[in-house]
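Okay, start20.tsv now, which holds TSV, C-alpha atoms:
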```tsv
chain	number	residue	atom	x	y	z
A	1	MET	CA	10.29	0.73	29.14
A	2	LEU	CA	11.92	-2.65	28.57
A	3	ILE	CA	10.07	-5.05	26.28
A	4	ALA	CA	11.35	-8.46	27.31
A	5	ASP	CA	10.86	-12.11	26.37
A	6	ILE	CA	10.82	-11.50	22.61
A	7	ALA	CA	11.33	-14.88	20.98
A	8	GLU	CA	12.33	-13.28	17.69
A	9	LEU	CA	12.95	-9.58	17.09
A	10	VAL	CA	12.82	-8.95	13.34
A	11	THR	CA	14.35	-5.51	12.75
A	12	CYS	CA	14.32	-5.47	8.92
A	13	ASP	CA	17.50	-3.47	9.40
A	14	GLY	CA	20.11	-6.08	8.52
A	15	PRO	CA	22.93	-5.76	5.97
A	16	GLY	CA	20.79	-6.97	3.09
A	17	GLU	CA	23.08	-9.32	1.14
A	18	THR	CA	20.20	-11.81	1.23
A	19	ALA	CA	16.58	-11.35	2.24
A	20	GLU	CA	17.15	-13.48	5.31
A	21	SER	CA	20.11	-11.39	6.47
A	22	ALA	CA	18.24	-8.16	5.69
A	23	LEU	CA	15.62	-9.19	8.25
A	24	GLY	CA	18.24	-8.58	10.96
A	25	ILE	CA	16.72	-11.17	13.29
A	26	ILE	CA	17.75	-11.24	16.96
A	27	GLY	CA	16.65	-14.35	18.84
A	28	ASP	CA	15.74	-14.26	22.54
A	29	ALA	CA	15.73	-10.48	22.34
A	30	ALA	CA	14.72	-7.37	24.23
A	31	LEU	CA	14.06	-3.76	23.28
A	32	ILE	CA	13.98	-0.52	25.27
A	33	HIS	CA	12.01	2.52	24.19
A	34	GLN	CA	11.49	5.96	25.63
A	35	HIS	CA	8.71	8.32	24.53
A	36	GLY	CA	8.10	6.13	21.47
A	37	GLU	CA	11.75	6.05	20.36
A	38	VAL	CA	13.88	2.90	20.34
A	39	VAL	CA	16.92	3.54	22.54
A	40	TRP	CA	18.33	0.01	22.71
A	41	LEU	CA	17.72	-3.43	21.21
A	42	GLY	CA	19.67	-6.68	21.28
A	43	PRO	CA	20.00	-10.01	23.07
A	44	ALA	CA	17.96	-10.15	26.25
A	45	THR	CA	21.02	-11.17	28.28
A	46	GLU	CA	22.66	-7.83	27.45
A	47	ALA	CA	19.68	-5.57	28.16
A	48	PRO	CA	20.45	-2.56	30.40
A	49	ALA	CA	18.19	-1.57	33.24
A	50	ALA	CA	14.92	0.26	32.55
A	51	ASP	CA	12.26	1.96	34.64
A	52	ARG	CA	9.52	-0.51	33.72
A	53	ALA	CA	9.23	-3.81	31.89
A	54	VAL	CA	6.60	-5.72	29.95
A	55	SER	CA	6.86	-9.26	28.65
A	56	LEU	CA	5.97	-10.44	25.15
A	57	ARG	CA	5.85	-13.97	26.58
A	58	GLY	CA	7.71	-15.62	23.74
A	59	ARG	CA	6.02	-13.77	20.89
A	60	THR	CA	7.68	-12.23	17.83
A	61	MET	CA	8.07	-8.52	17.13
A	62	VAL	CA	8.33	-7.17	13.59
A	63	PRO	CA	8.18	-3.66	12.14
A	64	GLY	CA	4.64	-2.42	11.63
A	65	PHE	CA	3.38	-3.16	8.15
A	66	VAL	CA	3.41	-0.27	5.68
A	67	ASP	CA	0.34	-0.36	3.44
A	68	SER	CA	1.47	1.94	0.67
A	69	HIS	CA	-1.55	1.61	-1.64
A	70	THR	CA	-5.14	1.91	-0.37
A	71	HIS	CA	-8.44	3.47	-1.38
A	72	LEU	CA	-9.89	3.59	2.12
A	73	ILE	CA	-12.38	6.45	1.73
A	74	PHE	CA	-15.54	5.32	0.01
A	75	ALA	CA	-19.19	4.55	0.59
A	76	GLY	CA	-21.45	1.90	-0.89
A	77	ASP	CA	-21.16	-1.82	-1.54
A	78	ARG	CA	-19.98	-3.81	-4.56
A	79	SER	CA	-20.23	-7.35	-3.27
A	80	ALA	CA	-22.55	-8.26	-6.16
A	81	GLU	CA	-19.79	-7.24	-8.58
A	82	PHE	CA	-17.39	-9.57	-6.76
A	83	ALA	CA	-19.90	-12.42	-7.03
A	84	ALA	CA	-20.26	-11.76	-10.76
A	85	ARG	CA	-16.49	-11.90	-11.24
A	86	MET	CA	-16.41	-15.27	-9.52
A	87	THR	CA	-18.72	-16.55	-12.27
A	88	GLY	CA	-16.44	-15.23	-15.02
A	89	VAL	CA	-17.37	-11.57	-15.60
A	90	PRO	CA	-14.05	-9.76	-16.28
A	91	TYR	CA	-12.91	-6.62	-14.50
A	92	ASP	CA	-12.38	-3.50	-16.63
A	93	GLY	CA	-12.62	-0.62	-14.16
A	94	GLY	CA	-16.20	0.32	-14.94
A	95	GLY	CA	-17.57	-0.52	-11.51
A	96	ILE	CA	-15.79	2.46	-10.00
A	97	ALA	CA	-18.73	4.60	-11.15
A	98	THR	CA	-20.96	2.81	-8.64
A	99	THR	CA	-18.66	3.77	-5.78
A	100	VAL	CA	-18.37	7.33	-7.05
A	101	ALA	CA	-22.14	7.76	-6.88
A	102	ALA	CA	-22.35	6.36	-3.34
A	103	THR	CA	-19.37	8.38	-2.12
A	104	ARG	CA	-20.65	11.65	-3.55
A	105	ALA	CA	-23.96	11.04	-1.76
A	106	ALA	CA	-22.38	10.29	1.64
A	107	THR	CA	-21.91	12.94	4.30
A	108	ASP	CA	-18.51	13.87	5.71
A	109	GLU	CA	-19.41	12.20	8.99
A	110	GLN	CA	-20.44	8.98	7.26
A	111	LEU	CA	-17.19	8.88	5.28
A	112	ARG	CA	-15.16	9.73	8.38
A	113	ASP	CA	-16.80	6.90	10.36
A	114	LEU	CA	-16.14	4.41	7.55
A	115	LEU	CA	-12.53	5.54	7.28
A	116	HIS	CA	-11.86	5.20	10.99
A	117	ALA	CA	-13.46	1.75	11.10
A	118	ARG	CA	-11.16	0.58	8.30
A	119	LEU	CA	-8.14	2.10	10.01
A	120	ALA	CA	-8.99	0.20	13.20
A	121	GLU	CA	-9.11	-3.00	11.16
A	122	LEU	CA	-5.67	-2.24	9.73
A	123	ARG	CA	-4.11	-1.78	13.14
A	124	ARG	CA	-5.66	-4.96	14.49
A	125	GLN	CA	-3.75	-6.73	11.68
A	126	GLY	CA	-0.38	-5.09	12.26
A	127	THR	CA	-0.43	-2.12	9.89
A	128	THR	CA	0.95	1.08	11.39
A	129	THR	CA	1.48	3.28	8.31
A	130	VAL	CA	-1.06	3.70	5.54
A	131	GLU	CA	-1.29	5.66	2.30
A	132	VAL	CA	-4.82	6.80	1.37
A	133	LYS	CA	-5.96	7.87	-2.10
A	134	SER	CA	-8.87	9.97	-3.24
A	135	GLY	CA	-10.46	8.94	-6.53
A	136	TYR	CA	-14.09	8.21	-5.66
A	137	GLY	CA	-15.28	11.80	-5.99
A	138	LEU	CA	-14.13	12.79	-9.49
A	139	ASP	CA	-15.40	16.33	-9.25
A	140	VAL	CA	-13.72	19.31	-7.62
A	141	ALA	CA	-15.76	19.45	-4.44
A	142	ALA	CA	-15.81	15.71	-3.81
A	143	GLU	CA	-12.11	15.11	-4.49
A	144	SER	CA	-11.15	18.04	-2.28
A	145	ARG	CA	-13.35	16.59	0.46
A	146	LEU	CA	-11.72	13.17	0.19
A	147	VAL	CA	-8.12	14.38	0.39
A	148	GLY	CA	-9.08	16.58	3.33
A	149	LEU	CA	-10.56	13.61	5.19
A	150	ALA	CA	-7.52	11.49	4.37
A	151	ARG	CA	-5.19	14.17	5.70
A	152	GLU	CA	-6.92	13.90	9.08
A	153	VAL	CA	-5.48	10.40	9.53
A	154	THR	CA	-2.23	10.19	7.51
A	155	ASP	CA	0.48	12.31	5.92
A	156	GLU	CA	0.58	9.86	3.00
A	157	VAL	CA	-2.33	11.33	1.04
A	158	THR	CA	-2.59	10.77	-2.70
A	159	TYR	CA	-4.60	12.89	-5.12
A	160	LEU	CA	-6.19	10.47	-7.60
A	161	GLY	CA	-8.51	12.63	-9.64
A	162	GLY	CA	-7.12	10.60	-12.54
A	163	HIS	CA	-8.76	7.38	-11.37
A	164	VAL	CA	-11.27	6.97	-14.21
A	165	VAL	CA	-13.22	9.30	-16.47
A	166	PRO	CA	-16.61	9.92	-14.81
A	167	ALA	CA	-19.81	9.32	-16.73
A	168	GLU	CA	-20.55	13.01	-17.23
A	169	TYR	CA	-17.27	13.43	-19.16
A	170	ARG	CA	-17.35	10.19	-21.13
A	171	SER	CA	-17.91	12.05	-24.40
A	172	ASP	CA	-15.23	14.67	-23.68
A	173	ARG	CA	-12.24	13.04	-22.05
A	174	ALA	CA	-9.99	16.01	-22.81
A	175	ALA	CA	-12.22	18.28	-20.75
A	176	TYR	CA	-11.94	15.94	-17.77
A	177	VAL	CA	-8.15	15.74	-18.05
A	178	ASP	CA	-8.12	19.53	-18.15
A	179	LEU	CA	-10.24	19.66	-14.97
A	180	VAL	CA	-7.97	17.17	-13.18
A	181	THR	CA	-4.87	19.18	-14.07
A	182	THR	CA	-6.23	22.63	-13.22
A	183	GLU	CA	-9.12	23.46	-10.88
A	184	MET	CA	-9.32	20.05	-9.19
A	185	LEU	CA	-5.56	19.92	-8.70
A	186	ARG	CA	-5.52	23.41	-7.16
A	187	ALA	CA	-8.23	22.37	-4.70
A	188	CYS	CA	-6.55	19.08	-3.72
A	189	ALA	CA	-2.81	19.76	-3.78
A	190	PRO	CA	-2.69	21.57	-0.42
A	191	HIS	CA	-3.90	18.41	1.32
A	192	ALA	CA	-1.86	15.83	-0.60
A	193	ARG	CA	1.72	14.60	-0.85
A	194	TRP	CA	1.31	12.43	-3.96
A	195	VAL	CA	-0.34	12.48	-7.37
A	196	ASP	CA	-1.42	9.21	-8.98
A	197	VAL	CA	-3.16	8.11	-12.19
A	198	PHE	CA	-4.72	4.89	-13.47
A	199	CYS	CA	-2.65	4.52	-16.66
A	200	GLU	CA	-4.37	1.62	-18.38
A	201	PRO	CA	-5.17	1.88	-22.10
A	202	ALA	CA	-6.74	-1.61	-21.91
A	203	SER	CA	-9.62	-0.05	-19.96
A	204	ALA	CA	-11.99	2.35	-21.69
A	205	HIS	CA	-12.54	4.02	-18.33
A	206	ALA	CA	-8.89	4.75	-17.42
A	207	PHE	CA	-6.20	6.90	-19.03
A	208	ASP	CA	-3.75	6.35	-21.86
A	209	GLY	CA	-0.08	7.25	-21.72
A	210	ASP	CA	-0.44	10.82	-22.96
A	211	GLU	CA	-3.33	11.58	-20.62
A	212	ALA	CA	-1.46	10.04	-17.69
A	213	ARG	CA	1.65	12.05	-18.48
A	214	ALA	CA	-0.36	15.29	-18.50
A	215	ILE	CA	-1.93	14.48	-15.12
A	216	LEU	CA	1.34	13.48	-13.47
A	217	THR	CA	3.40	16.39	-14.80
A	218	ALA	CA	0.73	18.88	-13.71
A	219	GLY	CA	0.75	17.35	-10.24
A	220	MET	CA	4.53	17.50	-10.10
A	221	ALA	CA	4.48	21.16	-11.14
A	222	ALA	CA	2.14	21.74	-8.18
A	223	GLY	CA	4.69	20.17	-5.82
A	224	LEU	CA	3.25	16.64	-5.59
A	225	LEU	CA	5.33	13.49	-5.98
A	226	PRO	CA	4.28	10.96	-8.65
A	227	ARG	CA	2.94	7.42	-8.30
A	228	VAL	CA	1.38	5.31	-11.06
A	229	HIS	CA	-1.24	2.58	-11.38
A	230	GLY	CA	0.26	0.67	-14.30
A	231	ASN	CA	0.24	-2.56	-16.30
A	232	GLN	CA	-2.66	-4.11	-14.42
A	233	LEU	CA	-4.88	-5.37	-17.23
A	234	ALA	CA	-2.37	-5.68	-20.10
A	235	PRO	CA	1.08	-4.50	-21.13
A	236	GLY	CA	1.06	-0.74	-21.43
A	237	PRO	CA	2.98	2.50	-20.93
A	238	GLY	CA	2.59	2.75	-17.13
A	239	VAL	CA	5.94	1.31	-16.07
A	240	GLN	CA	7.96	3.22	-18.65
A	241	LEU	CA	6.17	6.45	-17.74
A	242	ALA	CA	6.80	5.88	-14.02
A	243	VAL	CA	10.50	5.31	-14.60
A	244	GLU	CA	10.81	8.30	-16.92
A	245	LEU	CA	9.20	10.62	-14.34
A	246	ARG	CA	11.14	9.03	-11.46
A	247	ALA	CA	7.91	8.05	-9.73
A	248	ALA	CA	8.34	6.60	-6.28
A	249	SER	CA	6.24	3.59	-7.19
A	250	VAL	CA	4.43	1.89	-10.04
A	251	ASP	CA	1.68	-0.31	-8.68
A	252	HIS	CA	0.15	-3.56	-9.99
A	253	CYS	CA	2.86	-4.58	-12.52
A	254	THR	CA	0.86	-7.64	-13.51
A	255	TYR	CA	1.76	-7.60	-17.22
A	256	LEU	CA	5.39	-6.67	-17.85
A	257	THR	CA	7.55	-6.90	-20.96
A	258	ASP	CA	11.27	-7.57	-20.77
A	259	ALA	CA	11.80	-3.86	-21.48
A	260	ASP	CA	9.61	-2.98	-18.49
A	261	VAL	CA	11.64	-5.21	-16.20
A	262	ASP	CA	14.89	-3.76	-17.52
A	263	ALA	CA	13.58	-0.24	-16.90
A	264	LEU	CA	12.64	-1.12	-13.32
A	265	VAL	CA	16.07	-2.65	-12.71
A	266	GLY	CA	17.71	0.54	-13.93
A	267	ALA	CA	15.47	2.63	-11.68
A	268	ALA	CA	15.69	0.40	-8.60
A	269	ASP	CA	17.03	3.26	-6.48
A	270	THR	CA	14.08	5.53	-7.28
A	271	THR	CA	11.06	3.51	-8.47
A	272	VAL	CA	9.57	0.58	-6.55
A	273	ALA	CA	7.35	-2.06	-8.15
A	274	THR	CA	4.45	-2.37	-5.71
A	275	LEU	CA	2.61	-5.67	-6.08
A	276	LEU	CA	-1.02	-6.03	-4.99
A	277	PRO	CA	-1.77	-9.76	-4.77
A	278	GLY	CA	-5.17	-9.24	-3.17
A	279	VAL	CA	-6.36	-7.82	-6.49
A	280	GLU	CA	-5.45	-10.96	-8.39
A	281	PHE	CA	-7.06	-13.07	-5.68
A	282	SER	CA	-10.27	-11.04	-5.90
A	283	THR	CA	-10.43	-10.85	-9.71
A	284	ARG	CA	-9.08	-14.29	-10.66
A	285	SER	CA	-6.39	-12.60	-12.71
A	286	PRO	CA	-2.81	-13.84	-13.18
A	287	TYR	CA	-0.50	-12.94	-10.33
A	288	PRO	CA	2.56	-10.76	-10.97
A	289	ASP	CA	5.78	-12.74	-11.23
A	290	ALA	CA	7.58	-11.44	-8.17
A	291	ARG	CA	10.31	-14.04	-8.54
A	292	ARG	CA	11.23	-12.64	-11.95
A	293	LEU	CA	11.40	-9.10	-10.56
A	294	ILE	CA	13.41	-9.90	-7.43
A	295	ASP	CA	15.90	-12.10	-9.28
A	296	ALA	CA	16.43	-9.30	-11.82
A	297	GLY	CA	17.17	-6.76	-9.07
A	298	VAL	CA	13.93	-4.75	-9.02
A	299	SER	CA	12.90	-3.03	-5.77
A	300	VAL	CA	9.63	-4.66	-4.71
A	301	ALA	CA	6.89	-3.76	-2.23
A	302	ILE	CA	3.60	-5.38	-1.24
A	303	ALA	CA	0.43	-3.46	-0.42
A	304	SER	CA	-3.25	-4.29	-0.01
A	305	ASP	CA	-4.97	-1.99	-2.55
A	306	CYS	CA	-7.94	-2.11	-0.17
A	307	ASN	CA	-10.87	-0.88	-2.26
A	308	PRO	CA	-14.52	-1.81	-2.77
A	309	GLY	CA	-14.19	-3.24	-6.27
A	310	THR	CA	-11.10	-5.38	-6.75
A	311	CYS	CA	-9.83	-6.14	-3.24
A	312	TYR	CA	-11.95	-5.35	-0.23
A	313	SER	CA	-9.26	-6.58	2.17
A	314	ASN	CA	-6.87	-4.54	4.27
A	315	ALA	CA	-5.14	-7.59	5.76
A	316	MET	CA	-1.42	-7.25	5.15
A	317	PRO	CA	-0.67	-10.69	6.68
A	318	PHE	CA	-2.96	-12.16	4.01
A	319	MET	CA	-1.05	-10.25	1.32
A	320	ILE	CA	2.19	-11.71	2.68
A	321	ALA	CA	0.72	-15.22	2.53
A	322	LEU	CA	-0.46	-14.67	-1.05
A	323	ALA	CA	2.95	-13.33	-2.05
A	324	VAL	CA	4.61	-16.47	-0.73
A	325	ARG	CA	2.08	-18.96	-2.08
A	326	GLU	CA	1.16	-17.36	-5.40
A	327	MET	CA	4.03	-15.04	-6.38
A	328	ARG	CA	6.97	-17.30	-5.46
A	329	MET	CA	8.42	-14.97	-2.83
A	330	THR	CA	10.17	-16.41	0.19
A	331	PRO	CA	8.67	-15.55	3.59
A	332	ALA	CA	11.65	-13.26	4.23
A	333	GLU	CA	11.20	-11.44	0.90
A	334	ALA	CA	7.49	-11.00	1.52
A	335	LEU	CA	7.97	-9.54	5.00
A	336	LEU	CA	10.64	-7.15	3.70
A	337	ALA	CA	8.34	-6.09	0.87
A	338	ALA	CA	5.52	-5.34	3.32
A	339	THR	CA	7.76	-3.27	5.59
A	340	ARG	CA	11.07	-1.87	4.32
A	341	GLY	CA	10.13	-2.14	0.64
A	342	ALA	CA	6.78	-0.43	1.11
A	343	ALA	CA	8.44	2.29	3.19
A	344	LYS	CA	10.84	2.88	0.30
A	345	SER	CA	7.86	3.26	-2.03
A	346	LEU	CA	6.73	6.13	0.22
A	347	ARG	CA	10.30	7.50	0.39
A	348	ARG	CA	10.34	7.01	4.14
A	349	THR	CA	13.44	5.77	5.97
A	350	THR	CA	12.39	5.54	9.61
A	351	ILE	CA	9.40	3.22	9.22
A	352	GLY	CA	9.36	-0.38	8.01
A	353	ARG	CA	12.33	-1.19	10.26
A	354	LEU	CA	13.26	-1.17	13.94
A	355	ALA	CA	16.51	0.60	14.80
A	356	VAL	CA	18.01	2.64	17.61
A	357	GLY	CA	16.97	6.25	17.16
A	358	GLY	CA	13.89	5.32	15.15
A	359	PRO	CA	10.28	5.10	16.27
A	360	LEU	CA	8.83	2.08	18.04
A	361	ASP	CA	6.63	1.38	15.04
A	362	ALA	CA	6.03	-2.32	15.52
A	363	ALA	CA	3.65	-5.24	15.35
A	364	VAL	CA	3.48	-8.31	17.56
A	365	VAL	CA	3.02	-11.81	16.10
A	366	ASP	CA	1.49	-14.34	18.46
A	367	ALA	CA	3.98	-16.98	17.39
A	368	PRO	CA	7.65	-17.86	17.95
A	369	SER	CA	8.72	-16.82	14.42
A	370	TYR	CA	7.78	-14.41	11.65
A	371	LEU	CA	7.35	-17.48	9.43
A	372	HIS	CA	3.89	-17.90	10.91
A	373	LEU	CA	2.70	-14.85	8.98
A	374	ALA	CA	2.65	-16.99	5.81
A	375	TYR	CA	2.36	-20.34	7.58
A	376	ARG	CA	-1.01	-19.52	9.20
A	377	PRO	CA	-2.97	-17.53	6.58
A	378	GLY	CA	-6.26	-16.09	7.73
A	379	VAL	CA	-5.53	-16.58	11.44
A	380	PRO	CA	-5.53	-13.31	13.47
A	381	ILE	CA	-2.10	-13.70	15.06
A	382	VAL	CA	-0.69	-10.20	14.50
A	383	ARG	CA	-1.60	-6.73	15.77
A	384	ALA	CA	0.06	-3.35	15.99
A	385	PHE	CA	2.06	-3.01	19.21
A	386	GLY	CA	-0.08	-1.32	21.83
A	387	VAL	CA	-3.41	-2.33	20.27
```
With the file now loaded, output its structure as structure tokens.
Amino acid sequence: MLIADIAELVTCDGPGETAESALGIIGDAALIHQHGEVVWLGPATEAPAADRAVSLRGRTMVPGFVDSHTHLIFAGDRSAEFAARMTGVPYDGGGIATTVAATRAATDEQLRDLLHARLAELRRQGTTTVEVKSGYGLDVAAESRLVGLAREVTDEVTYLGGHVVPAEYRSDRAAYVDLVTTEMLRACAPHARWVDVFCEPASAHAFDGDEARAILTAGMAAGLLPRVHGNQLAPGPGVQLAVELRAASVDHCTYLTDADVDALVGAADTTVATLLPGVEFSTRSPYPDARRLIDAGVSVAIASDCNPGTCYSNAMPFMIALAVREMRMTPAEALLAATRGAAKSLRRTTIGRLAVGGPLDAAVVDAPSYLHLAYRPGVPIVRAFGV
């Protein structure tokens, strides 16, 4: 099939000397795919013959967004908590217990329906690859159930038993860490690719550096690859731990020391700094300084962190707009971070870009240029190709 009349084909497969060149833009373009694989792309005037043709009618095509950090499986509602934060109540991670209670009480079918509804929302906004974490069960049966449900919809499943310490273990944190690293891990590892932990000593509910190290190294010994929630609420050990363990990504990175930035620069080939601007928007917290990271040479990604407490949004175009407006990224840098950069944070090479031999994993922007992703925030102008 020939896809014709593409005003701007953004491959995100350019040479990469600058963000703009890395976008690999082809104007007045066409693309041919067969059985979901790209077999040709280039200027429309050079397109070979194809069996069928469809027209994009002057729209833009970009790689499908890669949302590399989500908590999509949960039940319950925390809108009142959001309203309280808007009046000045700070976030410290404690509200997760509310979601845990609701999620434990929900049936598999209820959770499955909620998950599929959120996935449909993602696709209507251009996301084609999504990572899904557990973390709202926090006991063996519930966490195993969540990773099993996640595995039904994505290969990028993350075991997050180390989300927070549940209420029943508040007086014996060591016992909960032991559970996360033994029986719970054995139940969840067969369904997961990743292990993650909320390493945040500034929160009484999350885990300190030693606890996080124990959780991550146990997961790695079970064959899972590490990711880290780090440096969200204050400077802490998360970034340094992620770099030491060669984690694929350290997510949040809101409060970074110079030593943290230097460590991320040195680990740019292995560890991505995944920024989650929707969290800062939803908590009135300071935004990460993406400009500082990019100028230093850090590998950067953008993701939604869709969750019921700190960012109940799965709109990657909105995250791109926030990255440009609030984190001093250029539109080109933001699009790369939401596609190629996020794919790197999942250690995937065939998504987040459009190239011959790769999948037709794309989104269509109802505009003549990708710039409209940041230029028209909140307007539903992008969808996954085929939706």
Arg376 in chain A environment, 12 Å, all atoms listed in the file, sequence neighbours closer than 4 positions dropped, as a PyMOL selection string: chain A and resi 317-318+320-322+324-325+331+365-367+369-372+380-382
Contacts of Val356 in chain A at 8 Å (all atoms listed in the file; same-chain gap of 2+ positions) as a list of chain:residue names: A:Glu37, A:Val38, A:Val39, A:Trp40, A:Leu41, A:Leu354, A:Gly358
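Within the 7 Å cut-off around range 263-274 of chain A, using only C-alpha atoms and omitting residues fewer than 5 positions from it on the same chain, the listed residues are Gln240, Val243, Arg246, Ala247, Ala248, Ser249, Val250, Asp251, His252, Cys253, Ala296, Gly297, Val298, Ser299, Val300, Ala301, Ile302, Ala303 and Ser345 of chain A.
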Nearest candidate to Gly126 in chain A (options A:Glu17, A:Asp208, A:Asp92, A:Asp67; using only C-alpha atoms):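 Under the stated criterion, the closest residue is A:Asp67.
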Option closest in space to Leu160 in chain A, from A:Gly309, A:Gly236, A:Pro226, A:Pro288 [counting all atoms listed in the file]: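 Of A:Gly309, A:Gly236, A:Pro226, A:Pro288, the one nearest Leu160 in chain A, counting all atoms listed in the file, is A:Pro226.
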Please write as a PDB file with C-alpha atoms, in the frame of the given file the list of polymer residues whose atoms come within 9 Å of (6.4, -2.3, 20.6), counting all atoms listed in the file and keeping to the coordinates of the file.
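Final output, saved to result-v2.pdb:
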```pdb
ATOM      1  CA  ILE A   3      10.070  -5.050  26.280  1.00  0.00           C
ATOM      2  CA  LEU A  31      14.060  -3.760  23.280  1.00  0.00           C
ATOM      3  CA  HIS A  33      12.010   2.520  24.190  1.00  0.00           C
ATOM      4  CA  GLY A  36       8.100   6.130  21.470  1.00  0.00           C
ATOM      5  CA  MET A  61       8.070  -8.520  17.130  1.00  0.00           C
ATOM      6  CA  VAL A  62       8.330  -7.170  13.590  1.00  0.00           C
ATOM      7  CA  PRO A  63       8.180  -3.660  12.140  1.00  0.00           C
ATOM      8  CA  LEU A 360       8.830   2.080  18.040  1.00  0.00           C
ATOM      9  CA  ASP A 361       6.630   1.380  15.040  1.00  0.00           C
ATOM     10  CA  ALA A 362       6.030  -2.320  15.520  1.00  0.00           C
ATOM     11  CA  ALA A 363       3.650  -5.240  15.350  1.00  0.00           C
ATOM     12  CA  VAL A 364       3.480  -8.310  17.560  1.00  0.00           C
ATOM     13  CA  ALA A 384       0.060  -3.350  15.990  1.00  0.00           C
ATOM     14  CA  PHE A 385       2.060  -3.010  19.210  1.00  0.00           C
ATOM     15  CA  GLY A 386      -0.080  -1.320  21.830  1.00  0.00           C
TER      16      GLY A 386
END
```
Within 9 Å of Arg123 in chain A using only C-alpha atoms, minus same-chain residues under 2 positions, as a list of chain:residue names: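 Selected residues are A:Gly64, A:Arg118, A:Leu119, A:Ala120, A:Glu121, A:Gln125, A:Gly126, A:Thr127, A:Thr128, A:Thr129, A:Ala363, A:Arg383, A:Ala384, A:Phe385, A:Val387.
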Can you write just those residues out, C-alpha atoms, as a compact mmCIF listing (two decimals), keeping the file's coordinate frame?
```txt
# COMPACT_ATOMS: atom_id res chain seq x y z
CA GLY A 64 4.64 -2.42 11.63
CA ARG A 118 -11.16 0.58 8.30
CA LEU A 119 -8.14 2.10 10.01
CA ALA A 120 -8.99 0.20 13.20
CA GLU A 121 -9.11 -3.00 11.16
CA GLN A 125 -3.75 -6.73 11.68
CA GLY A 126 -0.38 -5.09 12.26
CA THR A 127 -0.43 -2.12 9.89
CA THR A 128 0.95 1.08 11.39
CA THR A 129 1.48 3.28 8.31
CA ALA A 363 3.65 -5.24 15.35
CA ARG A 383 -1.60 -6.73 15.77
CA ALA A 384 0.06 -3.35 15.99
CA PHE A 385 2.06 -3.01 19.21
CA VAL A 387 -3.41 -2.33 20.27
```
